[in-house]
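Asker: This structure is in structure tokens; I'll ask about it shortly.
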Amino acid sequence: QRGNSWFSEEGKNLTFSLIYYPTFLPLKDVFSLSKAACLGVRAAIQYFMPDALVQVKWPNDVRINHRKVAGILIENQLTAALLKSTVIGIGANVNQLLFPASVQATATSMKAHTGKNYDREEVLTEMLHQIESRYLRVRERGSQALDQEYYQHLYGFREWIHVSKEGKEMLAQVIAVEPSGDILMEIEGRQRTFGLKEISFC
């Protein structure tokens, strides 16, 4: 999607899509669906790897010890000013150990960190459970229901990290992520808001 590809060795990982009908959610709060998916995937991986550092990286990645283990892509179908349906596509590296050269330095899997072979159906069941529970939390309590958990596990939140903008590397820290999905950062002595693809993490 949008020039992004996901490499998955046959029979080793999870690649699946979920469809929801979040007609209760205002368009301005659509990013809460991404939060629900990312946090659900993160929690499931943490369940199987309790000693690992498992974090969410804005806007839609999950990382183990700073290497990408899962990616999430969301496609929304709109009707007028309403959200009609949402397809959440998830790719999670479970048992794969070898990756294409283009992502070898940044990709990882659950097995790569523990040496264990995981039952993919068990991992899938846990992911579905964790995502669903967070989706229901948003439906019951609103778009801010996941904020505390999200910031607790968000890479770069209130800590200085290296980012890149237009090829220039600089220090920044995440201040907040807006309901729309834009990210608010302190960078070069002032606070600035960035949209998707406007800034990248090094």
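By order of appearance in the structure tokens: chains A, B, ..., then residues from 1 within every chain, and ligands from 1 in the order shown.
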Fewer than 3 positions away in the same chain doesn't count, so skip those; otherwise give me all residues within 6 Å of stretch 56-60 of chain A, counting only C-alpha atoms, as a PDB file with N, CA, C and O atoms, in the first residue's frame.

Answerer:
```pdb
ATOM      1  N   ILE A  72       1.050  -2.475  10.505  1.00  0.00           N
ATOM      2  CA  ILE A  72      -0.405  -2.395  10.400  1.00  0.00           C
ATOM      3  C   ILE A  72      -0.771  -1.335   9.373  1.00  0.00           C
ATOM      4  O   ILE A  72      -0.260  -0.216   9.420  1.00  0.00           O
ATOM      5  N   HIS A 153       3.518   2.878  26.034  1.00  0.00           N
ATOM      6  CA  HIS A 153       4.293   1.976  25.186  1.00  0.00           C
ATOM      7  C   HIS A 153       4.773   2.631  23.889  1.00  0.00           C
ATOM      8  O   HIS A 153       5.298   1.950  23.012  1.00  0.00           O
ATOM      9  N   LEU A 154       4.624   3.947  23.768  1.00  0.00           N
ATOM     10  CA  LEU A 154       4.974   4.648  22.529  1.00  0.00           C
ATOM     11  C   LEU A 154       6.460   5.005  22.506  1.00  0.00           C
ATOM     12  O   LEU A 154       6.954   5.712  23.389  1.00  0.00           O
ATOM     13  N   TYR A 155       7.144   4.540  21.493  1.00  0.00           N
ATOM     14  CA  TYR A 155       8.563   4.855  21.325  1.00  0.00           C
ATOM     15  C   TYR A 155       8.752   6.359  21.140  1.00  0.00           C
ATOM     16  O   TYR A 155       8.070   6.995  20.339  1.00  0.00           O
TER      17      TYR A 155
END
```

Asker: Would you please give, as a PyMOL selection string, all residues of stretch 11-201 of chain A that DSSP assigns to alpha helix (DSSP H) based on the backbone?

Answerer: chain A and resi 31-48+110-114+120-141+147-152

Asker: Can you work out which one of A:Asn13, A:Val69, A:Pro50, A:Thr86 has the shortest atom-to-atom distance to A:Tyr135, counting only C-alpha atoms?

Answerer: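 Among the listed residues, the smallest separation from A:Tyr135 belongs to A:Thr86.
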
Asker: Can you work out the spacing between atom CA of A:Gly115 and atom CA of A:Leu73 in Å, to one decimal?

Answerer: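 Distance reported for this atom pair: 27.8 Å.
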
Asker: Quick one: of A:Val138, A:Leu27, A:Ala105, A:Ala37, who's nearest to A:Lys84, counting only C-alpha atoms?

Answerer: A:Leu27
